[in-house]
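Student: This is work_17.txt (compact mmCIF, C-alpha atoms (C1' of nucleotides)).
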```txt
# COMPACT_ATOMS: atom_id res chain seq x y z
CA MET A 29 0.56 25.86 -20.74
CA LEU A 30 2.65 24.78 -17.76
CA ILE A 31 1.57 22.05 -15.43
CA GLY A 32 0.29 24.37 -12.72
CA GLU A 33 -2.07 26.11 -15.08
CA LEU A 34 -3.37 22.85 -16.51
CA ALA A 35 -3.85 21.59 -12.98
CA GLU A 36 -5.89 24.60 -12.01
CA ARG A 37 -8.00 24.61 -15.15
CA ALA A 38 -8.75 20.91 -14.93
CA GLY A 39 -9.31 20.90 -11.20
CA VAL A 40 -6.55 18.53 -10.17
CA THR A 41 -3.09 18.93 -8.69
CA ALA A 42 0.20 18.94 -10.58
CA LYS A 43 1.15 15.77 -8.72
CA THR A 44 -1.93 14.10 -10.08
CA LEU A 45 -1.06 15.12 -13.62
CA ARG A 46 2.42 13.62 -13.37
CA PHE A 47 0.81 10.51 -11.94
CA TYR A 48 -1.63 10.35 -14.87
CA GLU A 49 1.30 10.71 -17.24
CA ARG A 50 3.09 7.76 -15.62
CA GLN A 51 -0.13 5.76 -15.91
CA GLY A 52 -0.37 6.60 -19.59
CA LEU A 53 -3.63 8.52 -19.24
CA VAL A 54 -2.13 11.79 -20.38
CA PRO A 55 0.50 11.83 -23.15
CA GLU A 56 3.96 13.13 -22.44
CA PRO A 57 3.83 16.80 -23.39
CA GLU A 58 6.46 18.92 -25.09
CA ARG A 59 9.06 20.50 -22.88
CA THR A 60 10.17 24.10 -22.71
CA ASP A 61 13.85 24.91 -23.06
CA GLY A 62 14.07 24.80 -19.30
CA GLY A 63 12.63 21.29 -19.17
CA TYR A 64 9.14 22.27 -18.02
CA ARG A 65 6.14 20.33 -19.29
CA ASP A 66 4.34 22.44 -21.89
CA TYR A 67 0.79 21.25 -22.53
CA ALA A 68 -1.41 21.83 -25.54
CA PRO A 69 -4.65 23.56 -24.52
CA GLU A 70 -6.89 20.63 -25.48
CA ILE A 71 -5.35 18.51 -22.76
CA VAL A 72 -7.63 20.32 -20.33
CA GLU A 73 -10.58 18.50 -21.85
CA ARG A 74 -8.80 15.20 -21.60
CA VAL A 75 -8.13 15.64 -17.92
CA ARG A 76 -11.70 16.75 -17.32
CA PHE A 77 -12.89 13.65 -19.13
CA ILE A 78 -10.78 11.53 -16.81
CA LYS A 79 -12.44 13.19 -13.86
CA ASP A 80 -15.91 12.71 -15.34
CA ALA A 81 -15.31 9.05 -16.05
CA GLN A 82 -14.02 8.58 -12.51
CA ALA A 83 -17.13 10.24 -11.17
CA SER A 84 -19.20 7.81 -13.22
CA GLY A 85 -17.59 4.96 -11.37
CA PHE A 86 -14.75 3.90 -13.66
CA ALA A 87 -11.34 2.98 -12.35
CA LEU A 88 -8.36 4.73 -13.91
CA VAL A 89 -7.33 1.60 -15.79
CA GLN A 90 -10.69 1.56 -17.50
CA VAL A 91 -10.50 5.24 -18.32
CA GLY A 92 -7.12 4.45 -19.81
CA GLU A 93 -8.65 1.79 -22.04
CA ILE A 94 -11.29 4.20 -23.30
CA LEU A 95 -8.71 6.86 -24.01
CA ALA A 96 -6.47 4.39 -25.78
CA ILE A 97 -9.29 3.42 -28.13
CA ARG A 98 -10.05 7.06 -28.75
CA ASP A 99 -6.34 7.73 -29.38
CA ASP A 100 -6.39 4.94 -31.94
CA GLY A 101 -8.99 6.90 -33.86
CA HIS A 102 -11.95 4.70 -33.00
CA ALA A 103 -15.16 5.49 -31.18
CA PRO A 104 -14.95 3.67 -27.85
CA CYS A 105 -18.72 3.32 -27.48
CA GLY A 106 -18.77 -0.45 -27.81
CA HIS A 107 -15.98 -0.95 -25.32
CA VAL A 108 -17.54 1.57 -23.00
CA ALA A 109 -20.77 -0.40 -23.07
CA ASP A 110 -18.81 -3.52 -22.07
CA LEU A 111 -17.04 -1.67 -19.29
CA VAL A 112 -20.33 -0.31 -18.04
CA ASP A 113 -21.71 -3.83 -17.80
CA GLN A 114 -18.62 -5.00 -15.93
CA ARG A 115 -18.73 -2.12 -13.51
CA LEU A 116 -22.44 -2.52 -12.96
CA THR A 117 -21.88 -6.14 -11.99
CA GLU A 118 -19.09 -5.20 -9.60
CA VAL A 119 -21.01 -2.30 -8.11
CA GLU A 120 -24.10 -4.41 -7.58
CA ALA A 121 -22.07 -7.14 -5.90
CA ARG A 122 -20.55 -4.57 -3.60
CA LEU A 123 -23.98 -3.15 -2.88
CA ARG A 124 -25.19 -6.59 -1.85
CA GLU A 125 -22.21 -7.05 0.47
CA LEU A 126 -22.75 -3.68 2.05
CA ARG A 127 -26.44 -4.30 2.53
CA ALA A 128 -25.61 -7.57 4.30
CA VAL A 129 -23.15 -5.76 6.55
CA ARG A 130 -25.72 -3.08 7.23
CA SER A 131 -28.38 -5.54 8.27
CA GLU A 132 -25.84 -7.29 10.48
CA LEU A 133 -24.97 -4.01 12.14
CA ARG A 134 -28.64 -3.23 12.61
CA ALA A 135 -29.16 -6.61 14.23
CA ILE A 136 -26.36 -5.84 16.67
CA ALA A 137 -27.84 -2.44 17.37
CA SER A 138 -31.20 -3.94 18.19
CA ARG A 139 -29.65 -6.61 20.40
CA ALA A 140 -27.77 -3.84 22.17
CA GLU A 141 -31.09 -2.43 23.35
CA THR A 142 -32.13 -5.63 25.06
CA LEU A 143 -28.93 -7.38 26.16
CA ALA A 144 -27.72 -6.51 29.64
CA PRO A 145 -23.94 -6.33 30.03
CA ASP A 146 -24.15 -9.11 32.61
CA ASP A 147 -25.47 -11.52 30.00
CA CYS A 148 -22.34 -10.86 28.01
CA ASP A 149 -20.10 -13.71 29.07
CA ASP A 150 -17.94 -14.18 25.99
CA TYR A 151 -15.98 -11.46 24.23
CA CYS A 152 -19.12 -9.66 23.18
CA GLY A 153 -22.59 -11.16 23.27
CA LEU A 154 -23.73 -8.65 20.73
CA ILE A 155 -21.36 -9.73 18.03
CA ALA A 156 -20.82 -13.45 18.42
CA PRO A 157 -23.91 -14.67 16.53
CA ALA A 158 -22.89 -12.67 13.49
CA ALA A 159 -20.96 -15.29 11.56
CA ALA A 160 -24.02 -17.51 11.34
CA ILE A 161 -25.88 -14.82 9.46
CA ALA A 162 -23.49 -12.97 7.17
CA PRO A 163 -20.79 -15.21 5.70
CA ALA A 164 -19.85 -12.64 3.11
CA ALA A 165 -16.62 -14.30 1.99
CA PRO A 166 -17.11 -18.05 1.55
CA PRO A 167 -13.99 -19.94 2.71
CA ARG A 168 -14.49 -22.76 0.23
CA PRO A 169 -13.40 -21.49 -3.19
CA SER A 170 -9.87 -20.39 -2.34
CA PRO A 171 -7.82 -20.19 -5.58
CA MET B 29 -0.95 -25.47 21.09
CA LEU B 30 1.37 -24.40 18.29
CA ILE B 31 0.46 -21.77 15.78
CA GLY B 32 -0.50 -24.20 13.05
CA GLU B 33 -3.04 -25.93 15.23
CA LEU B 34 -4.52 -22.65 16.42
CA ALA B 35 -4.70 -21.51 12.82
CA GLU B 36 -6.57 -24.59 11.75
CA ARG B 37 -8.96 -24.55 14.69
CA ALA B 38 -9.78 -20.89 14.27
CA GLY B 39 -9.98 -20.99 10.51
CA VAL B 40 -7.20 -18.57 9.67
CA THR B 41 -3.60 -18.94 8.54
CA ALA B 42 -0.49 -18.81 10.70
CA LYS B 43 0.53 -15.66 8.85
CA THR B 44 -2.71 -14.05 9.89
CA LEU B 45 -2.12 -14.95 13.52
CA ARG B 46 1.33 -13.39 13.52
CA PHE B 47 -0.21 -10.37 11.87
CA TYR B 48 -2.90 -10.15 14.56
CA GLU B 49 -0.20 -10.38 17.19
CA ARG B 50 1.68 -7.46 15.66
CA GLN B 51 -1.59 -5.49 15.58
CA GLY B 52 -2.19 -6.24 19.24
CA LEU B 53 -5.36 -8.24 18.64
CA VAL B 54 -3.91 -11.45 20.05
CA PRO B 55 -1.56 -11.34 23.05
CA GLU B 56 1.98 -12.61 22.72
CA PRO B 57 1.86 -16.25 23.77
CA GLU B 58 4.35 -18.26 25.76
CA ARG B 59 7.20 -19.83 23.86
CA THR B 60 8.37 -23.42 23.91
CA ASP B 61 12.03 -24.15 24.64
CA GLY B 62 12.56 -24.19 20.92
CA GLY B 63 11.12 -20.69 20.52
CA TYR B 64 7.77 -21.75 19.09
CA ARG B 65 4.61 -19.83 20.00
CA ASP B 66 2.60 -21.90 22.48
CA TYR B 67 -1.02 -20.78 22.77
CA ALA B 68 -3.51 -21.32 25.55
CA PRO B 69 -6.59 -23.14 24.28
CA GLU B 70 -8.98 -20.25 24.93
CA ILE B 71 -7.23 -18.18 22.29
CA VAL B 72 -9.20 -20.11 19.71
CA GLU B 73 -12.34 -18.30 20.88
CA ARG B 74 -10.60 -14.98 20.68
CA VAL B 75 -9.57 -15.51 17.10
CA ARG B 76 -13.02 -16.72 16.18
CA PHE B 77 -14.47 -13.61 17.76
CA ILE B 78 -12.18 -11.50 15.62
CA LYS B 79 -13.50 -13.27 12.54
CA ASP B 80 -17.10 -12.85 13.64
CA ALA B 81 -16.63 -9.16 14.30
CA GLN B 82 -15.00 -8.76 10.90
CA ALA B 83 -17.92 -10.53 9.27
CA SER B 84 -20.25 -8.10 11.02
CA GLY B 85 -18.53 -5.25 9.25
CA PHE B 86 -15.98 -4.06 11.79
CA ALA B 87 -12.46 -3.11 10.83
CA LEU B 88 -9.63 -4.74 12.74
CA VAL B 89 -8.85 -1.52 14.60
CA GLN B 90 -12.37 -1.52 15.95
CA VAL B 91 -12.18 -5.16 16.92
CA GLY B 92 -8.99 -4.25 18.73
CA GLU B 93 -10.79 -1.56 20.69
CA ILE B 94 -13.50 -3.99 21.75
CA LEU B 95 -10.95 -6.57 22.82
CA ALA B 96 -8.95 -4.00 24.72
CA ILE B 97 -12.03 -3.02 26.74
CA ARG B 98 -12.75 -6.67 27.41
CA ASP B 99 -9.12 -7.22 28.43
CA ASP B 100 -9.50 -4.35 30.87
CA GLY B 101 -12.25 -6.32 32.57
CA HIS B 102 -15.16 -4.22 31.34
CA ALA B 103 -18.14 -5.18 29.23
CA PRO B 104 -17.62 -3.45 25.90
CA CYS B 105 -21.34 -3.21 25.09
CA GLY B 106 -21.49 0.56 25.34
CA HIS B 107 -18.49 1.08 23.12
CA VAL B 108 -19.75 -1.55 20.72
CA ALA B 109 -23.01 0.34 20.40
CA ASP B 110 -21.04 3.48 19.54
CA LEU B 111 -18.95 1.60 17.01
CA VAL B 112 -22.07 0.15 15.45
CA ASP B 113 -23.48 3.63 15.01
CA GLN B 114 -20.24 4.83 13.46
CA ARG B 115 -20.04 1.91 11.06
CA LEU B 116 -23.69 2.23 10.15
CA THR B 117 -23.14 5.84 9.22
CA GLU B 118 -20.09 4.95 7.13
CA VAL B 119 -21.76 2.00 5.47
CA GLU B 120 -24.84 4.02 4.65
CA ALA B 121 -22.75 6.80 3.17
CA ARG B 122 -20.91 4.27 1.04
CA LEU B 123 -24.22 2.76 -0.03
CA ARG B 124 -25.42 6.17 -1.16
CA GLU B 125 -22.25 6.70 -3.15
CA LEU B 126 -22.52 3.33 -4.81
CA ARG B 127 -26.17 3.87 -5.63
CA ALA B 128 -25.25 7.16 -7.28
CA VAL B 129 -22.51 5.43 -9.27
CA ARG B 130 -24.91 2.68 -10.24
CA SER B 131 -27.53 5.09 -11.53
CA GLU B 132 -24.83 6.93 -13.42
CA LEU B 133 -23.68 3.70 -15.04
CA ARG B 134 -27.25 2.85 -15.91
CA ALA B 135 -27.70 6.23 -17.51
CA ILE B 136 -24.62 5.60 -19.62
CA ALA B 137 -25.92 2.18 -20.56
CA SER B 138 -29.22 3.59 -21.73
CA ARG B 139 -27.51 6.37 -23.66
CA ALA B 140 -25.37 3.70 -25.29
CA GLU B 141 -28.49 2.24 -26.86
CA THR B 142 -29.48 5.46 -28.57
CA LEU B 143 -26.25 7.33 -29.29
CA ALA B 144 -24.64 6.61 -32.63
CA PRO B 145 -20.82 6.55 -32.59
CA ASP B 146 -20.85 9.41 -35.09
CA ASP B 147 -22.51 11.70 -32.59
CA CYS B 148 -19.60 11.04 -30.28
CA ASP B 149 -17.35 13.98 -30.99
CA ASP B 150 -15.52 14.38 -27.71
CA TYR B 151 -13.68 11.65 -25.82
CA CYS B 152 -16.86 9.77 -25.18
CA GLY B 153 -20.33 11.17 -25.61
CA LEU B 154 -21.65 8.57 -23.25
CA ILE B 155 -19.61 9.63 -20.31
CA ALA B 156 -19.11 13.34 -20.55
CA PRO B 157 -22.35 14.53 -18.92
CA ALA B 158 -21.65 12.48 -15.84
CA ALA B 159 -19.97 15.08 -13.69
CA ALA B 160 -23.09 17.21 -13.76
CA ILE B 161 -25.05 14.41 -12.13
CA ALA B 162 -22.83 12.50 -9.74
CA PRO B 163 -20.30 14.72 -8.00
CA ALA B 164 -19.45 12.07 -5.46
CA ALA B 165 -16.35 13.74 -4.01
CA PRO B 166 -16.95 17.44 -3.47
CA PRO B 167 -13.74 19.32 -4.26
CA ARG B 168 -14.42 22.10 -1.75
CA PRO B 169 -13.74 20.76 1.74
CA SER B 170 -10.12 19.73 1.33
CA PRO B 171 -8.47 19.46 4.79
C1' DC C 2 22.36 -39.25 10.17
C1' DT C 3 19.08 -37.34 7.55
C1' DA C 4 14.76 -36.00 5.63
C1' DA C 5 10.17 -34.13 6.38
C1' DG C 6 7.30 -31.10 8.43
C1' DC C 7 6.79 -27.92 11.42
C1' DC C 8 8.31 -23.37 13.20
C1' DT C 9 11.14 -18.68 13.40
C1' DT C 10 12.29 -13.81 11.68
C1' DC C 11 12.81 -10.63 7.92
C1' DC C 12 11.56 -7.95 4.18
C1' DC C 13 8.98 -7.04 0.11
C1' DC C 14 4.49 -7.21 -2.56
C1' DT C 15 -0.61 -6.71 -3.66
C1' DA C 16 -4.61 -2.97 -5.18
C1' DC C 17 -6.03 2.07 -5.49
C1' DG C 18 -5.29 6.81 -6.35
C1' DG C 19 -2.73 9.47 -5.36
C1' DT C 20 0.19 12.62 -1.42
C1' DG C 21 4.55 14.38 0.94
C1' DG C 22 8.99 15.76 1.00
C1' DA C 23 13.95 16.40 -0.34
C1' DA C 24 17.27 18.29 -3.37
C1' DG C 25 17.82 20.98 -7.02
C1' DG C 26 16.86 23.75 -11.67
C1' DT C 27 14.34 27.87 -14.12
C1' DC C 28 12.37 32.21 -14.73
C1' DA C 29 10.80 36.91 -13.88
C1' DA C 30 10.86 40.91 -10.91
C1' DG C 31 13.17 44.01 -7.83
C1' DC D 24 22.39 39.33 -7.19
C1' DT D 25 18.82 37.58 -4.81
C1' DT D 26 14.24 36.30 -3.69
C1' DG D 27 10.12 33.76 -4.58
C1' DA D 28 7.22 31.20 -7.30
C1' DC D 29 7.24 27.76 -10.13
C1' DC D 30 9.13 23.60 -12.06
C1' DT D 31 12.07 18.99 -12.20
C1' DT D 32 13.22 14.05 -10.55
C1' DC D 33 13.22 10.44 -7.23
C1' DC D 34 11.90 7.97 -3.27
C1' DA D 35 8.81 6.92 0.19
C1' DC D 36 4.30 6.62 2.21
C1' DC D 37 -1.12 6.45 3.34
C1' DG D 38 -4.82 2.56 4.48
C1' DT D 39 -6.50 -2.50 4.56
C1' DA D 40 -5.64 -7.20 5.57
C1' DG D 41 -2.79 -9.90 4.97
C1' DG D 42 0.31 -13.12 1.19
C1' DG D 43 5.00 -14.77 -0.83
C1' DG D 44 9.12 -16.45 -0.20
C1' DA D 45 14.01 -16.66 1.65
C1' DA D 46 17.15 -18.35 5.07
C1' DG D 47 17.48 -20.75 8.91
C1' DG D 48 16.11 -23.44 13.52
C1' DC D 49 13.41 -27.37 15.99
C1' DT D 50 11.53 -31.94 16.38
C1' DT D 51 10.58 -36.46 15.35
C1' DA D 52 10.50 -40.73 12.64
C1' DG D 53 12.95 -43.84 9.93
```
Can the structure from this file be put into structure tokens for me?

Tutor:
Amino acid sequence: MLIGELAERAGVTAKTLRFYERQGLVPEPERTDGGYRDYAPEIVERVRFIKDAQASGFALVQVGEILAIRDDGHAPCGHVADLVDQRLTEVEARLRELRAVRSELRAIASRAETLAPDDCDDYCGLIAPAAAIAPAAPPRPSP
Amino acid sequence: MLIGELAERAGVTAKTLRFYERQGLVPEPERTDGGYRDYAPEIVERVRFIKDAQASGFALVQVGEILAIRDDGHAPCGHVADLVDQRLTEVEARLRELRAVRSELRAIASRAETLAPDDCDDYCGLIAPAAAIAPAAPPRPSP
DNA sequence: CTAAGCCTTCCCCTACGGTGGAAGGTCAAG
DNA sequence: CTTGACCTTCCACCGTAGGGGAAGGCTTAG
């Protein structure tokens, strides 16, 4: 199977497949006499798995770890459970940040309904008070 | 005021200030005879405003738009209200995505408690069903 | 005179997941 | 023989918000 066919069957582009190969997510396939990549049919499943794992919120590095364990002949379940915990922590942190930003934006929106432009003497009277409420990135612990 | 002093007063680095200048967020200041940037004192407020707007969830491009309106002598309130609506829409979309990812990760975590590694015959029995549930990026509308 | 502590410009690097394009090789059909 | 569709490699770039460090200039105190 040439790269174009694999790409179509797996729902990605050929560029993406070469990228995955460079990242070590997809093994280097055989080559035809002409130098074309010649994939075994089961690679389709591998690429689909990569897409599924991405859709579940894993970064490609993590997908790579899972695949590497699998390629070593082990069941990656334990490592996957660890990765899930990691990702859940990250995702929840990001959710908290975004909720803070959202409430800040909502506060601005509600101020916008009451503040007359004439009261706006600094750069923007709507925005200025923001820093006092949502210090998302604390300036203290700089590594 | 030289760049180091402005940096310290505004709570950013000198690198950041030069970056803001390149992005058009801070006007090019006068220069001393020696070629050093020499800022007017009120620039401190401008840089602080940039930080506040960032903390409220605006991207630097958007802060630039607000400042440009202000520099034109207008009150940017109307545009700010528009920007707030835009950002709210984006932030809420991102929140929905992240919530979907989170519930997907939770589903995997709960499957991990029941699935024995032996039942895991494909790449990872925990992950595979994901695509059916959380198709975050629809493959159809590709521009 | 010289060393320290500022400042200058310049270019590259980070993470993330690819995308775009140039220059050229391969393969099958007409 | 040529055209067109496919493939190859390599290099560069997208966005975001800067950071790292080199090589050199300015200023001031000792």

Student: Write out as number ranges by chain each polymer residue whose atoms come within 12 Å of segment 44-59 of chain B, counting all atoms listed in the file; drop sequence neighbours fewer than 5 positions from it.

Tutor: B: 29-39, 64-79, 87-99; C: 8-10; D: 40-42

Student: Which value, in Å to one decimal, gives the distance between atom CA of Arg124 of chain A and atom CA of Arg127 of chain B?

Tutor: 11.2 Å

Student: Please compute the atom CA of Arg139 of chain B-atom CA of Gly106 of chain A distance, one decimal, in Å.

Tutor: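 The value is 11.8 Å.
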
Student: Can you work out which residues from chain C touch chain A at a cut-off of 12 Å (counting all atoms listed in the file) and hand them back as number ranges by chain?

Tutor: C: 16-21, 26-28

Student: Calculate how many Å separate atom CA of Thr41 of chain B from atom C1' of DG47 of chain D, rounding to one decimal.

Tutor: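 Those two atoms sit 21.2 Å apart.
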
Student: Just want the 12 Å neighbourhood of DG31 of chain C, counted on only C-alpha atoms (C1' of nucleotides), with same-chain residues fewer than 6 positions away dropped. Output as a PyMOL selection string.

Tutor: chain D and resi 24-27

Student: Using only C-alpha atoms (C1' of nucleotides), find each residue in chain D having at least one atom no more than 9 Å away from chain A; report its shortest atom-to-atom pair and that distance in Å (one decimal), rows by chain then rising number, as a Markdown table.

Tutor:
```
| residue | atom | partner | partner_atom | distance |
| --- | --- | --- | --- | --- |
| D:DC29 | C1' | A:Gly32 | CA | 8.2 |
| D:DC30 | C1' | A:Tyr64 | CA | 6.1 |
| D:DT31 | C1' | A:Tyr64 | CA | 7.3 |
```

Student: Could you give me, as a list in words, the residues that have an atom at most 9 Å away from the point (-18.0, -1.6, -14.4) in the coordinates of the file, using all atoms listed in the file?

Tutor: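 Protein and nucleic acid residues near the point are Gly85, Phe86, Ala87, Gln90, Asp110, Leu111, Val112, Asp113, Gln114, Arg115, Leu116, Thr117, Glu118 and Val119 of chain A; Leu133 of chain B.
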
Student: Between B:Gly101, B:Thr60, B:Ile136, B:His107, which one has atoms that come closest to chain A, using all atoms listed in the file?

Tutor: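 So, comparing all the options, the nearest one is B:Ile136.
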